[in-house]
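Structure data follow from target-v1.cif (mmCIF, C-alpha atoms (C1' of nucleotides)):
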data_protein
loop_
_atom_site.label_atom_id
_atom_site.label_comp_id
_atom_site.auth_asym_id
_atom_site.auth_seq_id
_atom_site.Cartn_x
_atom_site.Cartn_y
_atom_site.Cartn_z
CA MET U 1044 4.58 -4.29 3.81
CA PRO U 1045 7.19 -6.37 5.49
CA LYS U 1046 8.17 -4.31 8.48
CA ILE U 1047 5.22 -2.21 9.56
CA ILE U 1048 3.29 -4.60 11.72
CA ALA U 1049 0.83 -3.69 14.40
CA PRO U 1050 3.22 -3.23 17.33
CA THR U 1051 5.54 -1.17 15.15
CA LEU U 1052 2.95 1.44 14.33
CA SER U 1053 2.25 4.28 16.70
CA GLN U 1054 -1.07 4.37 18.47
CA TYR U 1055 -1.94 7.50 16.58
CA SER U 1056 -1.43 5.86 13.22
CA ARG U 1057 -3.42 2.81 14.21
CA ASP U 1058 -6.26 5.01 15.44
CA ALA U 1059 -6.21 6.98 12.23
CA LEU U 1060 -6.36 3.79 10.21
CA SER U 1061 -9.21 2.37 12.25
CA LEU U 1062 -11.11 5.62 11.97
CA LEU U 1063 -10.63 5.87 8.25
CA GLY U 1064 -11.83 2.32 7.82
CA ALA U 1065 -14.86 2.98 9.98
CA LEU U 1066 -15.68 6.15 8.07
CA ILE U 1067 -15.46 4.28 4.80
CA ARG U 1068 -17.74 1.57 6.08
CA GLU U 1069 -20.18 4.17 7.34
CA ALA U 1070 -20.20 5.93 4.01
CA ARG U 1071 -20.65 2.68 2.12
CA LEU U 1072 -23.68 1.73 4.18
CA ALA U 1073 -25.08 5.22 3.89
CA ASN U 1074 -24.84 4.87 0.13
CA ARG U 1075 -26.50 1.46 0.20
CA LEU U 1076 -23.56 -0.22 -1.42
CA THR U 1077 -22.57 -3.81 -0.83
CA THR U 1078 -18.96 -4.73 -0.32
CA SER U 1079 -18.93 -6.40 -3.72
CA GLU U 1080 -20.37 -3.38 -5.47
CA LEU U 1081 -17.98 -0.93 -3.89
CA ALA U 1082 -15.04 -3.20 -4.49
CA THR U 1083 -15.94 -3.51 -8.15
CA ARG U 1084 -16.30 0.22 -8.52
CA ALA U 1085 -12.94 0.78 -6.93
CA GLY U 1086 -11.37 -1.91 -9.08
CA ILE U 1087 -10.29 -4.02 -6.13
CA SER U 1088 -11.35 -7.32 -4.62
CA ARG U 1089 -13.93 -7.72 -1.90
CA GLY U 1090 -11.32 -9.16 0.44
CA LEU U 1091 -9.18 -6.05 0.10
CA LEU U 1092 -12.14 -3.82 0.81
CA GLN U 1093 -12.80 -5.78 3.98
CA ARG U 1094 -9.22 -5.25 5.07
CA ILE U 1095 -9.52 -1.55 4.31
CA GLU U 1096 -12.67 -1.23 6.40
CA ARG U 1097 -10.87 -3.12 9.14
CA GLY U 1098 -8.07 -0.56 9.11
CA ASP U 1099 -5.35 -2.90 7.93
CA ALA U 1100 -2.04 -1.03 7.80
CA GLY U 1101 -0.70 -3.09 4.92
CA CYS U 1102 -3.24 -2.00 2.36
CA ALA U 1103 -2.00 0.07 -0.53
CA ILE U 1104 -2.79 3.71 0.11
CA GLY U 1105 -3.98 4.12 -3.45
CA ALA U 1106 -6.72 1.55 -2.95
CA VAL U 1107 -7.79 3.12 0.32
CA PHE U 1108 -7.93 6.62 -1.08
CA GLU U 1109 -9.84 5.43 -4.12
CA VAL U 1110 -12.48 3.75 -2.02
CA ALA U 1111 -12.72 6.78 0.25
CA ALA U 1112 -13.15 9.02 -2.74
CA ILE U 1113 -15.90 6.88 -4.22
CA VAL U 1114 -18.02 6.79 -1.11
CA GLY U 1115 -17.31 10.42 -0.36
CA VAL U 1116 -15.10 10.27 2.70
CA PRO U 1117 -13.19 13.55 2.59
CA LEU U 1118 -9.42 13.33 2.53
CA PHE U 1119 -7.71 16.06 4.51
CA GLU U 1120 -11.06 17.69 5.12
CA MET U 1121 -11.02 19.33 1.76
CA ASP U 1122 -13.15 18.87 -1.26
CA GLU U 1123 -11.99 18.11 -4.72
CA ARG U 1124 -11.57 21.69 -5.80
CA LEU U 1125 -9.60 22.77 -2.77
CA LEU U 1126 -7.39 19.75 -3.07
CA SER U 1127 -6.36 20.53 -6.62
CA ALA U 1128 -5.71 24.13 -5.74
CA ARG U 1129 -3.66 23.24 -2.72
CA LEU U 1130 -1.69 20.73 -4.73
CA ALA U 1131 -0.75 23.43 -7.19
CA ARG U 1132 0.35 25.81 -4.44
CA GLN U 1133 2.34 23.05 -2.82
CA ALA U 1134 4.12 22.37 -6.07
CA GLU U 1135 5.14 25.99 -6.24
CA LYS U 1136 6.52 25.91 -2.73
CA ILE U 1137 8.53 22.83 -3.53
CA ALA U 1138 9.88 24.39 -6.66
CA LEU U 1139 11.13 27.35 -4.70
CA LEU U 1140 12.75 25.64 -1.76
CA PRO U 1141 15.21 23.05 -3.00
CA LYS U 1142 17.00 23.60 -6.23
CA SER U 1143 17.13 19.94 -7.06
CA VAL U 1144 15.64 19.07 -10.36
CA ARG U 1145 17.29 15.96 -11.51
CA ALA U 1146 16.60 14.41 -14.85
CA PRO U 1147 16.23 10.65 -14.95
CA ARG U 1148 19.51 9.01 -15.66
CA LYS U 1149 19.20 8.03 -19.25
CA ALA U 1150 22.05 6.68 -21.28
CA VAL U 1151 23.10 9.05 -24.00
CA LYS U 1152 24.60 7.07 -26.83
CA ASP U 1153 25.66 9.94 -29.02
CA ASP U 1154 29.13 10.05 -27.57
CA PHE U 1155 31.01 10.14 -30.87
CA MET M 1077 -0.59 -3.82 -5.36
CA PRO M 1078 -1.45 -5.57 -8.54
CA LYS M 1079 -4.39 -3.68 -9.86
CA ILE M 1080 -4.24 -0.11 -8.70
CA ILE M 1081 -1.92 1.44 -11.19
CA ALA M 1082 -1.76 5.05 -12.18
CA PRO M 1083 -4.38 5.07 -14.95
CA THR M 1084 -6.76 3.11 -12.75
CA LEU M 1085 -6.81 5.67 -9.96
CA SER M 1086 -9.11 8.65 -10.12
CA GLN M 1087 -7.62 12.07 -10.55
CA TYR M 1088 -8.84 12.99 -7.11
CA SER M 1089 -7.03 10.11 -5.47
CA ARG M 1090 -3.84 10.84 -7.35
CA ASP M 1091 -4.03 14.47 -6.34
CA ALA M 1092 -4.60 13.52 -2.73
CA LEU M 1093 -1.61 11.20 -2.82
CA SER M 1094 0.63 13.80 -4.41
CA LEU M 1095 -0.48 16.39 -1.92
CA LEU M 1096 0.09 14.14 1.05
CA GLY M 1097 3.56 13.30 -0.22
CA ALA M 1098 4.36 16.95 -0.75
CA LEU M 1099 3.10 17.84 2.71
CA ILE M 1100 5.24 15.14 4.24
CA ARG M 1101 8.27 16.35 2.36
CA GLU M 1102 7.58 19.91 3.43
CA ALA M 1103 7.24 18.85 7.04
CA ARG M 1104 10.42 16.80 6.87
CA LEU M 1105 12.40 19.72 5.53
CA ALA M 1106 10.85 22.05 8.08
CA ASN M 1107 12.04 19.69 10.79
CA ARG M 1108 15.48 19.54 9.21
CA LEU M 1109 15.38 15.80 8.86
CA THR M 1110 17.21 13.90 6.15
CA THR M 1111 15.44 11.20 4.25
CA SER M 1112 17.59 8.62 6.01
CA GLU M 1113 16.80 10.01 9.44
CA LEU M 1114 13.08 10.10 8.90
CA ALA M 1115 13.05 6.68 7.31
CA THR M 1116 14.91 5.24 10.29
CA ARG M 1117 12.54 6.86 12.74
CA ALA M 1118 9.57 5.46 10.87
CA GLY M 1119 11.17 2.05 10.65
CA ILE M 1120 11.18 2.00 6.88
CA SER M 1121 13.79 2.23 4.15
CA ARG M 1122 14.89 5.42 2.49
CA GLY M 1123 13.62 4.17 -0.84
CA LEU M 1124 10.14 3.69 0.56
CA LEU M 1125 10.16 7.17 2.04
CA GLN M 1126 11.07 8.56 -1.36
CA ARG M 1127 8.15 6.71 -2.89
CA ILE M 1128 5.87 8.08 -0.20
CA GLU M 1129 7.00 11.65 -0.82
CA ARG M 1130 6.51 11.03 -4.53
CA GLY M 1131 2.91 10.04 -3.85
CA ASP M 1132 3.25 6.43 -4.95
CA ALA M 1133 -0.15 4.74 -4.75
CA GLY M 1134 1.35 1.36 -3.94
CA CYS M 1135 2.86 2.28 -0.61
CA ALA M 1136 1.36 0.66 2.46
CA ILE M 1137 -0.97 3.10 4.14
CA GLY M 1138 0.48 2.24 7.53
CA ALA M 1139 3.92 3.42 6.48
CA VAL M 1140 2.54 6.64 5.04
CA PHE M 1141 0.47 7.43 8.10
CA GLU M 1142 3.38 6.68 10.39
CA VAL M 1143 5.68 9.03 8.54
CA ALA M 1144 3.00 11.70 8.46
CA ALA M 1145 2.48 11.33 12.18
CA ILE M 1146 6.20 11.63 12.90
CA VAL M 1147 6.71 14.83 10.97
CA GLY M 1148 3.42 16.24 12.18
CA VAL M 1149 1.27 16.23 9.09
CA PRO M 1150 -2.26 16.13 10.48
CA LEU M 1151 -4.45 13.25 9.39
CA PHE M 1152 -8.08 14.27 9.02
CA GLU M 1153 -7.25 17.69 10.37
CA MET M 1154 -7.40 16.51 13.92
CA ASP M 1155 -4.90 16.03 16.66
CA GLU M 1156 -4.20 12.90 18.59
CA ARG M 1157 -6.77 13.44 21.29
CA LEU M 1158 -9.57 14.33 18.96
CA LEU M 1159 -8.80 11.34 16.82
CA SER M 1160 -9.20 8.90 19.66
CA ALA M 1161 -12.43 10.51 20.71
CA ARG M 1162 -13.82 10.43 17.22
CA LEU M 1163 -12.79 6.83 16.82
CA ALA M 1164 -14.85 5.95 19.88
CA ARG M 1165 -17.88 7.84 18.64
CA GLN M 1166 -17.58 6.21 15.26
CA ALA M 1167 -17.67 2.80 16.87
CA GLU M 1168 -20.90 3.72 18.61
CA LYS M 1169 -22.44 4.91 15.39
CA ILE M 1170 -21.64 1.64 13.69
CA ALA M 1171 -23.21 -0.31 16.48
CA LEU M 1172 -26.38 1.74 16.36
CA LEU M 1173 -26.81 1.76 12.64
CA PRO M 1174 -30.04 0.22 11.34
CA LYS M 1175 -29.37 -3.29 10.28
CA SER M 1176 -31.82 -3.15 7.45
CA VAL M 1177 -30.48 -0.93 4.81
CA ARG M 1178 -31.03 -2.95 1.75
CA ALA M 1179 -33.08 -0.97 -0.71
CA PRO M 1180 -33.20 -0.62 -4.47
CA ARG M 1181 -29.69 0.14 -5.53
CA LYS M 1182 -29.20 3.84 -5.44
CA ALA M 1183 -26.84 5.65 -7.72
CA VAL M 1184 -23.67 7.01 -6.22
CA LYS M 1185 -21.59 9.80 -7.58
CA ASP M 1186 -18.38 8.25 -8.68
CA ASP M 1187 -17.73 10.39 -11.71
CA PHE M 1188 -14.92 12.64 -10.69
"C1'" DG D 254 -41.28 -20.10 7.49
"C1'" DC D 255 -37.80 -20.36 3.06
"C1'" DA D 256 -34.54 -18.76 -0.54
"C1'" DA D 257 -31.41 -15.30 -1.92
"C1'" DA D 258 -28.07 -12.17 -0.77
"C1'" DA D 259 -24.41 -10.11 2.09
"C1'" DT D 260 -20.75 -10.65 5.04
"C1'" DG D 261 -16.68 -12.56 7.53
"C1'" DA D 262 -13.05 -15.54 7.36
"C1'" DT D 263 -10.26 -18.71 5.20
"C1'" DT D 264 -6.75 -20.77 1.65
"C1'" DC D 265 -3.56 -20.49 -2.18
"C1'" DA D 266 -0.95 -18.89 -6.50
"C1'" DT D 267 0.80 -14.95 -8.32
"C1'" DA D 268 2.05 -10.35 -8.74
"C1'" DA D 269 3.99 -6.61 -6.44
"C1'" DA D 270 6.03 -3.95 -2.59
"C1'" DC D 271 9.80 -3.69 0.28
"C1'" DG D 272 14.74 -3.48 1.97
"C1'" DA D 273 19.45 -3.43 0.87
"C1'" DG D 274 22.85 -1.99 -1.91
"C1'" DT D 275 24.75 0.82 -5.52
"C1'" DC D 276 25.67 4.74 -8.59
"C1'" DA D 277 25.49 9.58 -10.33
"C1'" DC D 278 24.85 14.16 -9.37
"C1'" DA D 279 24.14 18.05 -6.66
"C1'" DT D 280 25.05 20.94 -2.70
"C1'" DG D 281 27.66 22.91 1.05
"C1'" DA D 282 31.83 23.17 4.00
"C1'" DC D 283 36.55 23.64 4.19
"C1'" DG E 446 39.67 23.10 -5.82
"C1'" DT E 447 38.55 18.59 -2.41
"C1'" DC E 448 35.69 16.11 0.68
"C1'" DA E 449 31.45 14.90 2.97
"C1'" DT E 450 26.67 14.69 2.83
"C1'" DG E 451 21.94 14.51 0.78
"C1'" DT E 452 19.17 13.01 -2.76
"C1'" DG E 453 17.12 10.63 -6.92
"C1'" DA E 454 17.08 6.59 -9.46
"C1'" DC E 455 18.05 1.95 -10.37
"C1'" DT E 456 18.58 -3.37 -9.70
"C1'" DC E 457 17.86 -7.52 -7.40
"C1'" DG E 458 16.25 -11.03 -3.99
"C1'" DT E 459 13.03 -11.69 -0.47
"C1'" DT E 460 8.82 -10.91 1.71
"C1'" DT E 461 4.28 -9.60 1.37
"C1'" DA E 462 -0.15 -8.04 -0.38
"C1'" DT E 463 -3.63 -9.02 -3.60
"C1'" DG E 464 -7.22 -11.53 -6.28
"C1'" DA E 465 -9.91 -15.52 -6.76
"C1'" DA E 466 -12.35 -19.03 -4.85
"C1'" DT E 467 -14.54 -21.26 -1.19
"C1'" DC E 468 -17.36 -22.00 3.06
"C1'" DA E 469 -20.23 -20.82 7.29
"C1'" DT E 470 -23.07 -17.58 9.24
"C1'" DT E 471 -26.18 -13.87 9.29
"C1'" DT E 472 -29.51 -10.94 7.29
"C1'" DT E 473 -32.79 -9.49 4.05
"C1'" DG E 474 -36.84 -10.16 1.04
"C1'" DC E 475 -40.82 -12.67 0.06
#
Target format structure tokens, applied to this file:
Amino acid sequence: MPKIIAPTLSQYSRDALSLLGALIREARLANRLTTSELATRAGISRGLLQRIERGDAGCAIGAVFEVAAIVGVPLFEMDERLLSARLARQAEKIALLPKSVRAPRKAVKDDF
Amino acid sequence: MPKIIAPTLSQYSRDALSLLGALIREARLANRLTTSELATRAGISRGLLQRIERGDAGCAIGAVFEVAAIVGVPLFEMDERLLSARLARQAEKIALLPKSVRAPRKAVKDDF
DNA sequence: GCAAAATGATTCATAAACGAGTCACATGAC
DNA sequence: GTCATGTGACTCGTTTATGAATCATTTTGC
């Protein structure tokens, strides 16, 4: 991430990142996993896991969420079932509000 | 993010990402902010905000958290004050944790 | 005590995210 | 109808994160 450096982020965001990293580290130790083991399970490198546990703002959110999921750190304070359900309800809400369903611009070559 | 592509991420993580993006979009609309406005406030580009709302796993977590904080999507279901407090307590826990936690590798539930 | 393992912190090449710009299409105002 | 605005999607060049490898230090196990 080019622009979001430490001083650019709000204190709240930095705290949230630090907390999430600490929670992940806690959960990893509680599960008796080494950094290498957890990194392998998550499909990432050990260095990236260290940055995640440090609360680095530049880490890909997908990697962070995956690690959190593996060690059992709850995202949004909801378990797997609730998350899926809420996702479905959210999709409905979105479908109702804006009427913008745009198909990907694909060239149609049957113009004659 | 080289490795974490869609098929690599667990369903849970992808759901969490989609949900977070949807929540951010909801909150942005509720605040009557355009994508350009919110992106400017967060110090990111409009394209990145679109990827965030889409739930793209490759987005930097700092950017996502910052946007979420701006529009008021709660991270970890806690407000700013509680977050700081919990961060402090978490730091204490880490410091107090037993340093000897190396035991026969225990299985961890990662099959979701 | 010693050896093995885990961790933290580097460095570097490569792959990928990011920002800027553009276009098409939709919506709303007039 | 026209015009302005908002949005999704795309491309391209630059900037950055990531993975791999290495090393020093600490910690665990024996």
Would you list the residues near (-31.3, -12.0, 4.3), meaning any protein, DNA or RNA residue with an atom at most 10 Å from that point in file coordinates, counting only C-alpha atoms (C1' of nucleotides), as a ChimeraX atom specification?
/M:1176,1178 /D:256-259 /E:471-474
Atoms kept (C-alpha atoms (C1' of nucleotides)) for selection, written as an mmCIF file, in the coordinates of the input:
data_model
loop_
_atom_site.group_PDB
_atom_site.id
_atom_site.type_symbol
_atom_site.label_atom_id
_atom_site.label_comp_id
_atom_site.auth_asym_id
_atom_site.auth_seq_id
_atom_site.Cartn_x
_atom_site.Cartn_y
_atom_site.Cartn_z
ATOM 1 C CA SER M 1176 -31.820 -3.150 7.450
ATOM 2 C CA ARG M 1178 -31.030 -2.950 1.750
ATOM 3 C "C1'" DA D 256 -34.540 -18.760 -0.540
ATOM 4 C "C1'" DA D 257 -31.410 -15.300 -1.920
ATOM 5 C "C1'" DA D 258 -28.070 -12.170 -0.770
ATOM 6 C "C1'" DA D 259 -24.410 -10.110 2.090
ATOM 7 C "C1'" DT E 471 -26.180 -13.870 9.290
ATOM 8 C "C1'" DT E 472 -29.510 -10.940 7.290
ATOM 9 C "C1'" DT E 473 -32.790 -9.490 4.050
ATOM 10 C "C1'" DG E 474 -36.840 -10.160 1.040
#
The PyMOL selection byres ((chain D) within 12 of (chain M)) resolved against shown file, as a PyMOL selection string:
chain D and resi 258-259+267-274
Counting only C-alpha atoms (C1' of nucleotides), collect the residues of chain E whose closest atom lies at most 9 Å from chain M, and write them out as a PyMOL selection string.
chain E and resi 451-453+462-464+472-473
Can you tell me how far CA of Val1147 (chain M) sits from CA of Gly1064 (chain U), in Å to one decimal?
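Separating CA of Val1147 (chain M) from CA of Gly1064 (chain U) is a distance of 22.6 Å.
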Find the distance between CA of Leu1063 (chain U) and CA of Gly1098 (chain U) and write it in Å to one decimal.
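Between these atoms lies a distance of 7.0 Å.
One distance worth recording is that between CA of Leu1076 (chain U) and CA of Ser1089 (chain M), which is 19.9 Å.
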For this file, the PyMOL selection byres ((chain D and resi 264) around 9) selects which residues, as a PyMOL selection string?
(chain D and resi 263+265) or (chain E and resi 466-467)
So which residues are close to (2.1, 10.1, -2.3), meaning at most 8 Å away in the file's coordinates with all atoms listed in the file counted, and can you show them as a ChimeraX atom specification?
/M:1090,1092-1098,1127-1133
Quick one: of M:Val1149, M:Ala1144, M:Ile1137, M:Leu1125, who's nearest to chain U, counting all atoms listed in the file?
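Result for the nearest residue to chain U: M:Ile1137.
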Might you spell out which residues the PyMOL selection byres ((chain D and resi 282) around 12) would select in the displayed file, as a list in words?
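Expected selection for the PyMOL selection byres ((chain D and resi 282) around 12) here is DT280, DG281 and DC283 of chain D; DT447, DC448, DA449 and DT450 of chain E.
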I need the residue nearest chain M from this list: U:Gly1105, U:Pro1117, U:Ala1085, U:Arg1071. Use all atoms listed in the file for the distance.
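Looking only at the distances to chain M, the closest residue turns out to be U:Gly1105.
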Shell of 10 Å around Gly1119 (chain M), only C-alpha atoms (C1' of nucleotides), local chain residues under 3 positions omitted, as a compact mmCIF listing (two decimals) with C-alpha atoms, in the coordinates of the input:
# COMPACT_ATOMS: atom_id res chain seq x y z
CA LYS U 1046 8.17 -4.31 8.48
CA ILE U 1047 5.22 -2.21 9.56
CA THR U 1051 5.54 -1.17 15.15
CA LEU U 1052 2.95 1.44 14.33
CA GLU M 1113 16.80 10.01 9.44
CA LEU M 1114 13.08 10.10 8.90
CA ALA M 1115 13.05 6.68 7.31
CA THR M 1116 14.91 5.24 10.29
CA ARG M 1122 14.89 5.42 2.49
CA ALA M 1139 3.92 3.42 6.48
CA GLU M 1142 3.38 6.68 10.39
CA VAL M 1143 5.68 9.03 8.54
Which one is closest to Arg1117 (chain M): M:Ile1100, M:Val1140, M:Asp1091, M:Ile1146? Count only C-alpha atoms.
M:Ile1146
Please produce region 1093-1109 of chain U, completed to N, CA and C atoms, as a PDB file, in the frame of the given file.
ATOM      1  N   GLN U1093     -12.585  -5.404   2.575  1.00  0.00           N
ATOM      2  CA  GLN U1093     -12.800  -5.780   3.980  1.00  0.00           C
ATOM      3  C   GLN U1093     -11.603  -5.404   4.841  1.00  0.00           C
ATOM      4  N   ARG U1094     -10.414  -5.624   4.300  1.00  0.00           N
ATOM      5  CA  ARG U1094      -9.220  -5.250   5.070  1.00  0.00           C
ATOM      6  C   ARG U1094      -9.140  -3.740   5.244  1.00  0.00           C
ATOM      7  N   ILE U1095      -9.535  -3.016   4.215  1.00  0.00           N
ATOM      8  CA  ILE U1095      -9.520  -1.550   4.310  1.00  0.00           C
ATOM      9  C   ILE U1095     -10.468  -1.079   5.400  1.00  0.00           C
ATOM     10  N   GLU U1096     -11.681  -1.638   5.391  1.00  0.00           N
ATOM     11  CA  GLU U1096     -12.670  -1.230   6.400  1.00  0.00           C
ATOM     12  C   GLU U1096     -12.227  -1.639   7.789  1.00  0.00           C
ATOM     13  N   ARG U1097     -11.378  -2.653   7.853  1.00  0.00           N
ATOM     14  CA  ARG U1097     -10.870  -3.120   9.140  1.00  0.00           C
ATOM     15  C   ARG U1097      -9.726  -2.230   9.623  1.00  0.00           C
ATOM     16  N   GLY U1098      -9.178  -1.430   8.730  1.00  0.00           N
ATOM     17  CA  GLY U1098      -8.070  -0.560   9.110  1.00  0.00           C
ATOM     18  C   GLY U1098      -6.722  -1.228   9.015  1.00  0.00           C
ATOM     19  N   ASP U1099      -6.599  -2.183   8.122  1.00  0.00           N
ATOM     20  CA  ASP U1099      -5.350  -2.900   7.930  1.00  0.00           C
ATOM     21  C   ASP U1099      -4.257  -1.958   7.434  1.00  0.00           C
ATOM     22  N   ALA U1100      -3.125  -1.978   8.127  1.00  0.00           N
ATOM     23  CA  ALA U1100      -2.040  -1.030   7.800  1.00  0.00           C
ATOM     24  C   ALA U1100      -1.315  -1.409   6.530  1.00  0.00           C
ATOM     25  N   GLY U1101      -1.460  -2.634   6.073  1.00  0.00           N
ATOM     26  CA  GLY U1101      -0.700  -3.090   4.920  1.00  0.00           C
ATOM     27  C   GLY U1101      -1.356  -2.795   3.590  1.00  0.00           C
ATOM     28  N   CYS U1102      -2.552  -2.283   3.615  1.00  0.00           N
ATOM     29  CA  CYS U1102      -3.240  -2.000   2.360  1.00  0.00           C
ATOM     30  C   CYS U1102      -2.554  -0.879   1.602  1.00  0.00           C
ATOM     31  N   ALA U1103      -2.575  -0.985   0.296  1.00  0.00           N
ATOM     32  CA  ALA U1103      -2.000   0.070  -0.530  1.00  0.00           C
ATOM     33  C   ALA U1103      -2.811   1.353  -0.357  1.00  0.00           C
ATOM     34  N   ILE U1104      -2.102   2.447  -0.159  1.00  0.00           N
ATOM     35  CA  ILE U1104      -2.790   3.710   0.110  1.00  0.00           C
ATOM     36  C   ILE U1104      -3.627   4.152  -1.083  1.00  0.00           C
ATOM     37  N   GLY U1105      -3.218   3.767  -2.267  1.00  0.00           N
ATOM     38  CA  GLY U1105      -3.980   4.120  -3.450  1.00  0.00           C
ATOM     39  C   GLY U1105      -5.366   3.493  -3.427  1.00  0.00           C
ATOM     40  N   ALA U1106      -5.432   2.235  -3.031  1.00  0.00           N
ATOM     41  CA  ALA U1106      -6.720   1.550  -2.950  1.00  0.00           C
ATOM     42  C   ALA U1106      -7.596   2.192  -1.888  1.00  0.00           C
ATOM     43  N   VAL U1107      -7.014   2.519  -0.765  1.00  0.00           N
ATOM     44  CA  VAL U1107      -7.790   3.120   0.320  1.00  0.00           C
ATOM     45  C   VAL U1107      -8.338   4.472  -0.090  1.00  0.00           C
ATOM     46  N   PHE U1108      -7.486   5.289  -0.673  1.00  0.00           N
ATOM     47  CA  PHE U1108      -7.930   6.620  -1.080  1.00  0.00           C
ATOM     48  C   PHE U1108      -9.002   6.538  -2.152  1.00  0.00           C
ATOM     49  N   GLU U1109      -8.849   5.570  -3.051  1.00  0.00           N
ATOM     50  CA  GLU U1109      -9.840   5.430  -4.120  1.00  0.00           C
ATOM     51  C   GLU U1109     -11.208   5.081  -3.543  1.00  0.00           C
TER      52      GLU U1109
END
